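See below for work_28.cif, which holds mmCIF, C-alpha atoms.
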data_entry
#
loop_
_atom_site.label_atom_id
_atom_site.label_comp_id
_atom_site.auth_asym_id
_atom_site.auth_seq_id
_atom_site.Cartn_x
_atom_site.Cartn_y
_atom_site.Cartn_z
CA MET A 1 10.23 20.95 29.23
CA VAL A 2 13.22 18.62 29.23
CA LEU A 3 10.97 15.63 28.48
CA SER A 4 9.37 17.45 25.53
CA VAL A 5 12.79 18.27 24.09
CA LEU A 6 13.95 14.68 24.57
CA ILE A 7 10.85 13.33 22.82
CA GLY A 8 11.38 15.80 19.99
CA VAL A 9 14.99 14.69 19.56
CA LEU A 10 13.99 11.01 19.55
CA VAL A 11 11.29 11.61 16.94
CA TYR A 12 13.73 13.56 14.77
CA VAL A 13 16.43 10.89 15.00
CA SER A 14 14.00 8.04 14.28
CA SER A 15 12.54 9.94 11.31
CA ARG A 16 16.00 10.50 9.86
CA GLN A 17 16.85 6.83 10.30
CA LEU A 18 13.58 5.75 8.70
CA LYS A 19 14.28 7.97 5.70
CA ARG A 20 17.79 6.55 5.33
CA ASN A 21 16.45 3.00 5.54
CA THR A 22 13.81 3.84 2.93
CA ILE A 23 16.34 5.18 0.45
CA LYS A 24 18.68 2.26 1.10
CA ALA A 25 15.91 -0.30 0.53
CA TYR A 26 14.79 1.35 -2.69
CA ASN A 27 18.31 1.63 -4.14
CA LEU A 28 19.07 -1.97 -3.23
CA ASN A 29 15.94 -3.41 -4.84
CA VAL A 30 15.51 -1.15 -7.86
CA ALA A 31 18.81 -2.57 -9.12
CA ASN A 32 16.95 -5.87 -9.68
CA ALA A 33 14.16 -4.32 -11.76
CA PRO A 34 12.03 -4.86 -13.69
CA TYR A 35 9.50 -6.57 -11.43
CA ASP A 36 6.62 -8.57 -12.84
CA VAL A 37 4.23 -6.86 -10.43
CA ILE A 38 4.16 -4.43 -7.53
CA ILE A 39 1.71 -4.62 -4.63
CA VAL A 40 0.18 -1.27 -3.63
CA PRO A 41 -1.85 -1.38 -0.38
CA GLY A 42 -5.08 0.56 -0.25
CA ILE A 43 -6.20 3.63 1.63
CA PRO A 44 -9.83 4.34 2.67
CA TYR A 45 -11.51 6.30 -0.12
CA ASP A 46 -13.90 9.19 0.45
CA SER A 47 -15.10 11.00 -2.66
CA SER A 48 -15.54 14.24 -0.69
CA LYS A 49 -12.00 14.40 0.72
CA GLU A 50 -8.42 14.32 -0.52
CA ASN A 51 -5.91 11.96 1.08
CA ILE A 52 -2.20 12.60 0.60
CA LEU A 53 -1.28 8.94 1.15
CA LEU A 54 -3.73 7.91 -1.57
CA LYS A 55 -2.05 10.37 -3.94
CA VAL A 56 1.42 9.21 -2.97
CA ARG A 57 0.67 5.52 -3.47
CA ILE A 58 -1.17 6.01 -6.77
CA PHE A 59 1.41 8.32 -8.33
CA TRP A 60 4.35 6.31 -6.96
CA ALA A 61 2.91 3.19 -8.60
CA LYS A 62 2.46 5.06 -11.89
CA ASN A 63 6.01 6.37 -11.67
CA LEU A 64 7.39 2.85 -11.24
CA PHE A 65 5.25 1.60 -14.13
CA ASP A 66 6.17 4.47 -16.45
CA LYS A 67 9.87 3.92 -15.78
CA GLY A 68 9.58 0.21 -16.55
CA ILE A 69 10.51 -0.76 -13.00
CA ALA A 70 7.14 -2.52 -12.64
CA ARG A 71 5.34 -4.28 -15.47
CA ASN A 72 2.04 -4.72 -13.62
CA ILE A 73 0.32 -3.41 -10.51
CA ILE A 74 -1.93 -5.05 -7.92
CA PHE A 75 -3.93 -2.55 -5.87
CA SER A 76 -5.05 -4.18 -2.64
CA GLY A 77 -7.82 -3.52 -0.16
CA GLY A 78 -11.44 -4.25 0.61
CA ALA A 79 -14.13 -1.90 1.89
CA VAL A 80 -12.71 -1.36 5.37
CA HIS A 81 -13.53 2.03 6.85
CA THR A 82 -15.60 3.51 4.02
CA PRO A 83 -18.06 1.79 1.65
CA TRP A 84 -15.68 1.79 -1.31
CA VAL A 85 -13.49 -1.23 -2.12
CA GLU A 86 -10.02 0.29 -1.93
CA GLY A 87 -8.32 -1.98 -4.46
CA LYS A 88 -11.04 -1.37 -7.07
CA VAL A 89 -11.06 2.41 -6.55
CA MET A 90 -7.28 2.61 -6.95
CA LYS A 91 -7.39 0.49 -10.10
CA ILE A 92 -10.04 2.79 -11.59
CA MET A 93 -7.83 5.79 -10.79
CA ALA A 94 -4.72 4.17 -12.25
CA ASP A 95 -6.59 3.24 -15.43
CA SER A 96 -7.88 6.82 -15.67
CA LEU A 97 -4.29 8.07 -15.44
CA GLY A 98 -3.38 6.14 -18.56
CA ILE A 99 -1.99 2.89 -17.22
CA PRO A 100 -3.35 0.12 -19.49
CA THR A 101 -6.19 -1.68 -17.77
CA SER A 102 -4.62 -5.01 -18.72
CA ASN A 103 -1.69 -4.17 -16.47
CA THR A 104 -3.66 -3.29 -13.32
CA PHE A 105 -5.41 -5.68 -10.95
CA ALA A 106 -7.58 -5.28 -7.85
CA GLU A 107 -7.38 -7.45 -4.74
CA ASP A 108 -10.57 -6.84 -2.75
CA LYS A 109 -10.37 -8.95 0.45
CA ALA A 110 -7.63 -7.35 2.57
CA GLU A 111 -8.68 -5.43 5.69
CA HIS A 112 -5.26 -5.08 7.37
CA GLY A 113 -1.76 -4.35 6.12
CA ASN A 114 -0.55 -7.94 6.51
CA GLU A 115 -3.54 -9.10 4.48
CA ASN A 116 -2.60 -6.67 1.71
CA ILE A 117 0.62 -8.64 1.32
CA TYR A 118 -0.85 -12.10 1.85
CA TYR A 119 -3.81 -11.85 -0.53
CA SER A 120 -1.92 -9.87 -3.18
CA TYR A 121 0.99 -12.29 -3.09
CA SER A 122 -1.45 -15.17 -3.60
CA LEU A 123 -3.12 -13.33 -6.50
CA ALA A 124 0.26 -12.56 -8.07
CA GLN A 125 1.17 -16.24 -7.99
CA LYS A 126 -2.16 -17.21 -9.56
CA LEU A 127 -1.52 -14.69 -12.33
CA GLY A 128 1.89 -16.23 -12.97
CA PHE A 129 4.01 -13.34 -11.70
CA LYS A 130 7.38 -14.36 -10.28
CA LYS A 131 9.24 -11.17 -9.32
CA ILE A 132 7.09 -9.29 -6.83
CA ALA A 133 7.68 -6.07 -4.88
CA LEU A 134 5.83 -3.93 -2.38
CA ALA A 135 5.47 -0.27 -3.43
CA THR A 136 4.13 2.00 -0.71
CA ASP A 137 5.06 4.95 1.49
CA GLN A 138 7.99 4.70 3.87
CA TYR A 139 5.77 4.47 6.96
CA GLN A 140 3.71 1.50 5.86
CA ASN A 141 6.78 -0.10 4.30
CA SER A 142 8.51 -0.04 7.67
CA PHE A 143 5.43 -1.44 9.38
CA LEU A 144 5.09 -4.37 6.96
CA THR A 145 8.76 -5.33 6.75
CA SER A 146 8.55 -7.83 9.63
CA PHE A 147 5.62 -9.71 8.05
CA ILE A 148 7.34 -9.82 4.66
CA GLU A 149 10.61 -11.11 6.11
CA LYS A 150 8.73 -13.87 7.95
CA ARG A 151 6.05 -14.87 5.44
CA THR A 152 7.02 -13.66 1.95
CA PRO A 153 10.79 -13.07 2.00
CA ASP A 154 11.01 -13.05 -1.80
CA VAL A 155 8.93 -9.85 -1.96
CA ALA A 156 11.24 -6.88 -2.61
CA LEU A 157 10.73 -3.40 -1.17
CA LEU A 158 10.35 -0.28 -3.34
CA PRO A 159 9.26 2.37 -0.82
CA VAL A 160 8.82 6.06 -1.57
CA SER A 161 10.55 8.52 0.74
CA VAL A 162 8.65 11.21 2.62
CA ASP A 163 10.75 13.75 0.68
CA SER A 164 8.61 12.99 -2.38
CA PHE A 165 5.30 13.59 -0.62
CA PRO A 166 5.06 17.34 -1.47
CA VAL A 167 5.68 16.57 -5.16
CA TYR A 168 2.87 14.07 -5.38
CA ASP A 169 0.54 16.10 -3.17
CA LYS A 170 0.57 18.90 -5.77
CA ARG A 171 -0.81 16.54 -8.40
CA GLN A 172 -4.50 15.97 -8.92
CA LEU A 173 -6.08 12.55 -8.93
CA PRO A 174 -8.58 12.00 -11.74
CA ILE A 175 -12.28 12.46 -11.15
CA ILE A 176 -13.70 8.96 -11.38
CA ASP A 177 -16.99 7.11 -11.33
CA ALA A 178 -16.49 4.80 -8.36
CA ARG A 179 -19.99 3.31 -8.28
CA GLU A 180 -18.77 -0.15 -9.26
CA ALA A 181 -16.51 -0.13 -6.18
CA PHE A 182 -19.30 0.94 -3.79
CA ILE A 183 -20.71 -1.55 -1.28
CA ASN A 184 -24.35 -1.22 -0.30
CA ASN A 185 -25.35 -1.94 3.30
CA PHE A 186 -21.71 -1.43 4.28
CA ILE A 187 -20.61 -2.10 7.86
CA PRO A 188 -17.24 -0.51 8.79
CA LEU A 189 -14.50 -2.59 10.34
CA ASN A 190 -14.81 -0.92 13.74
CA LYS A 191 -18.37 -2.28 13.94
CA ARG A 192 -17.25 -5.78 12.99
CA GLU A 193 -14.10 -6.09 15.08
CA SER A 194 -13.21 -4.82 18.54
CA ARG A 195 -10.35 -2.37 19.02
CA TRP A 196 -8.22 -5.18 20.44
CA GLU A 197 -8.94 -7.43 17.47
CA ARG A 198 -7.93 -4.67 15.07
CA ILE A 199 -4.71 -3.95 16.97
CA ARG A 200 -3.86 -7.65 17.17
CA SER A 201 -4.46 -8.11 13.43
CA ALA A 202 -2.29 -5.09 12.63
CA LEU A 203 0.61 -6.21 14.82
CA ASN A 204 0.46 -9.95 14.23
CA ASN A 205 2.76 -11.62 11.71
CA ASP A 206 -0.04 -13.97 10.77
CA VAL A 207 -3.25 -13.72 8.74
CA LYS A 208 -6.46 -15.32 10.00
CA GLU A 209 -6.87 -17.34 6.81
CA MET A 210 -3.40 -18.86 7.27
CA ASN A 211 -4.54 -20.57 10.47
CA LYS A 212 -7.73 -22.10 9.13
#
What is this file in structure tokens?
Amino acid sequence: MVLSVLIGVLVYVSSRQLKRNTIKAYNLNVANAPYDVIIVPGIPYDSSKENILLKVRIFWAKNLFDKGIARNIIFSGGAVHTPWVEGKVMKIMADSLGIPTSNTFAEDKAEHGNENIYYSYSLAQKLGFKKIALATDQYQNSFLTSFIEKRTPDVALLPVSVDSFPVYDKRQLPIIDAREAFINNFIPLNKRESRWERIRSALNNDVKEMNK
């Protein structure tokens, strides 16, 4: 009983601290807006299910674009756990929400969070974007901070706080035709990499391509 209470207190305290850090990071970096482009990591897409994190990341990106905080958006992610290329699906959704298609881009190679940053950062540079920021939920933002500080320290952080989740969850994503983002003969990541390989890739501050 005592252990359960202690764990509960620790979770509560850490959640409060994470929220404070999220708000602090956003307020610090939004002062330097506008950004040429924001990077929005993908979420596995399933046409038969809703995903709150998918909603949050899509609508947060649109919010930043509509306010002029971001001039362009790179949605990042390959076909990882489902046969839809995450970056392409999210771009289709963003375009369907009224963001000009000329301002949205899809990165389709990333299979881990660090790769979302690495490949999107490379794409942003190729496209000529200078001021770059990561725009994702507070949980993933916290997870990717170490990689960004080590590998891409010029990438700013524009995370969305968990307090905004209920607002975005009430919104409806557009019904889209995602056939162009569908991969035939798809093999999920857990069939291509062992559990240890996936954990190591998620926790490592490197990307496999960087060491080739």
Axis-aligned box for all listed atoms of stretch 138-143 of chain A, 4 Å per side, centre and edges in Å to one decimal, as AutoDock Vina command-line options:
--center_x 6.1 --center_y 1.6 --center_z 6.6 --size_x 12.8 --size_y 14.1 --size_z 13.5
| said: Need the shell around stretch 82-85 of chain A: protein/DNA/RNA residues with any atom at most 7 Å away, counting all atoms listed in the file. Skip same-chain ones fewer than 3 positions apart. Format as an MDAnalysis selection string? | reply: chainID A and resid 44:46 77:79 88:89 108 181:183 186 188
| request: Measure the distance from atom CA of A:Leu127 to atom CA of A:Phe75 in Å and round it to one decimal. | output: 14.0 Å
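With distances taken over only C-alpha atoms, A:Val40 is the one residue among A:Ala33, A:Val40, A:Ala106, A:Ile132 lying closest to A:Leu53.
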Taking (7.1, -9.5, 7.4) in the file's coordinates, which residues come within 12 Å, counting only C-alpha atoms, written as a PDB file with C-alpha atoms, in the coordinates of the input?
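Written file, out.pdb:
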ATOM      1  CA  GLY A 113      -1.760  -4.350   6.120  1.00  0.00           C
ATOM      2  CA  ASN A 114      -0.550  -7.940   6.510  1.00  0.00           C
ATOM      3  CA  GLU A 115      -3.540  -9.100   4.480  1.00  0.00           C
ATOM      4  CA  ASN A 116      -2.600  -6.670   1.710  1.00  0.00           C
ATOM      5  CA  ILE A 117       0.620  -8.640   1.320  1.00  0.00           C
ATOM      6  CA  TYR A 118      -0.850 -12.100   1.850  1.00  0.00           C
ATOM      7  CA  LEU A 134       5.830  -3.930  -2.380  1.00  0.00           C
ATOM      8  CA  GLN A 140       3.710   1.500   5.860  1.00  0.00           C
ATOM      9  CA  ASN A 141       6.780  -0.100   4.300  1.00  0.00           C
ATOM     10  CA  SER A 142       8.510  -0.040   7.670  1.00  0.00           C
ATOM     11  CA  PHE A 143       5.430  -1.440   9.380  1.00  0.00           C
ATOM     12  CA  LEU A 144       5.090  -4.370   6.960  1.00  0.00           C
ATOM     13  CA  THR A 145       8.760  -5.330   6.750  1.00  0.00           C
ATOM     14  CA  SER A 146       8.550  -7.830   9.630  1.00  0.00           C
ATOM     15  CA  PHE A 147       5.620  -9.710   8.050  1.00  0.00           C
ATOM     16  CA  ILE A 148       7.340  -9.820   4.660  1.00  0.00           C
ATOM     17  CA  GLU A 149      10.610 -11.110   6.110  1.00  0.00           C
ATOM     18  CA  LYS A 150       8.730 -13.870   7.950  1.00  0.00           C
ATOM     19  CA  ARG A 151       6.050 -14.870   5.440  1.00  0.00           C
ATOM     20  CA  THR A 152       7.020 -13.660   1.950  1.00  0.00           C
ATOM     21  CA  PRO A 153      10.790 -13.070   2.000  1.00  0.00           C
ATOM     22  CA  ASP A 154      11.010 -13.050  -1.800  1.00  0.00           C
ATOM     23  CA  VAL A 155       8.930  -9.850  -1.960  1.00  0.00           C
ATOM     24  CA  ALA A 156      11.240  -6.880  -2.610  1.00  0.00           C
ATOM     25  CA  LEU A 157      10.730  -3.400  -1.170  1.00  0.00           C
ATOM     26  CA  ALA A 202      -2.290  -5.090  12.630  1.00  0.00           C
ATOM     27  CA  LEU A 203       0.610  -6.210  14.820  1.00  0.00           C
ATOM     28  CA  ASN A 204       0.460  -9.950  14.230  1.00  0.00           C
ATOM     29  CA  ASN A 205       2.760 -11.620  11.710  1.00  0.00           C
ATOM     30  CA  ASP A 206      -0.040 -13.970  10.770  1.00  0.00           C
ATOM     31  CA  VAL A 207      -3.250 -13.720   8.740  1.00  0.00           C
TER      32      VAL A 207
END
| task | Translate the PyMOL selection byres ((chain A and resi 91-99) around 9), as applied to the file shown, into an explicit residue set as a VMD selection string. | result | chain A and resid 58 to 59 61 to 62 65 to 66 73 to 75 86 to 90 100 to 106 173 to 178 181
| note | Restricting to all atoms listed in the file, whichever of A:Asn72, A:Gln138, A:Gln17, A:Asn32 is closest to A:Val162 is A:Gln138
Just so the selection is clear, what residues does the PyMOL selection byres ((chain A and resi 34) around 6) cover here, as a PDB file with C-alpha atoms, in the coordinates of the input?
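Wrote selection_15.pdb, looks like this:
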ATOM      1  CA  ALA A  33      14.160  -4.320 -11.760  1.00  0.00           C
ATOM      2  CA  TYR A  35       9.500  -6.570 -11.430  1.00  0.00           C
ATOM      3  CA  ILE A  69      10.510  -0.760 -13.000  1.00  0.00           C
ATOM      4  CA  ALA A  70       7.140  -2.520 -12.640  1.00  0.00           C
TER       5      ALA A  70
END
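If you look at atom CA of A:Val160 and atom CA of A:Thr136, they are 6.3 Å away from each other.
In this structure, atom CA of A:Tyr139 sits 16.9 Å away from atom CA of A:Ser76.
For the residues A:Thr22, A:Asn190, A:Ser48, A:Asn29, ranking by smallest atom-to-atom distance to A:Lys131 using all atoms listed in the file places A:Asn29 first.
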| message | Nearest residue to A:Ser122 out of A:Val56, A:Lys191, A:Leu158, A:Lys109, using all atoms listed in the file? | response | A:Lys109
| query | Restricting the calculation to only C-alpha atoms, which member of A:Val30, A:Asp137, A:Gly128, A:Ala25 is positioned closest to A:Phe165? | reply | A:Asp137
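The shortest atom-to-atom distance to A:Tyr168, with all atoms listed in the file taken into account, belongs to A:Ile52 out of A:Ala110, A:Ile52, A:Ile187, A:Ala124.
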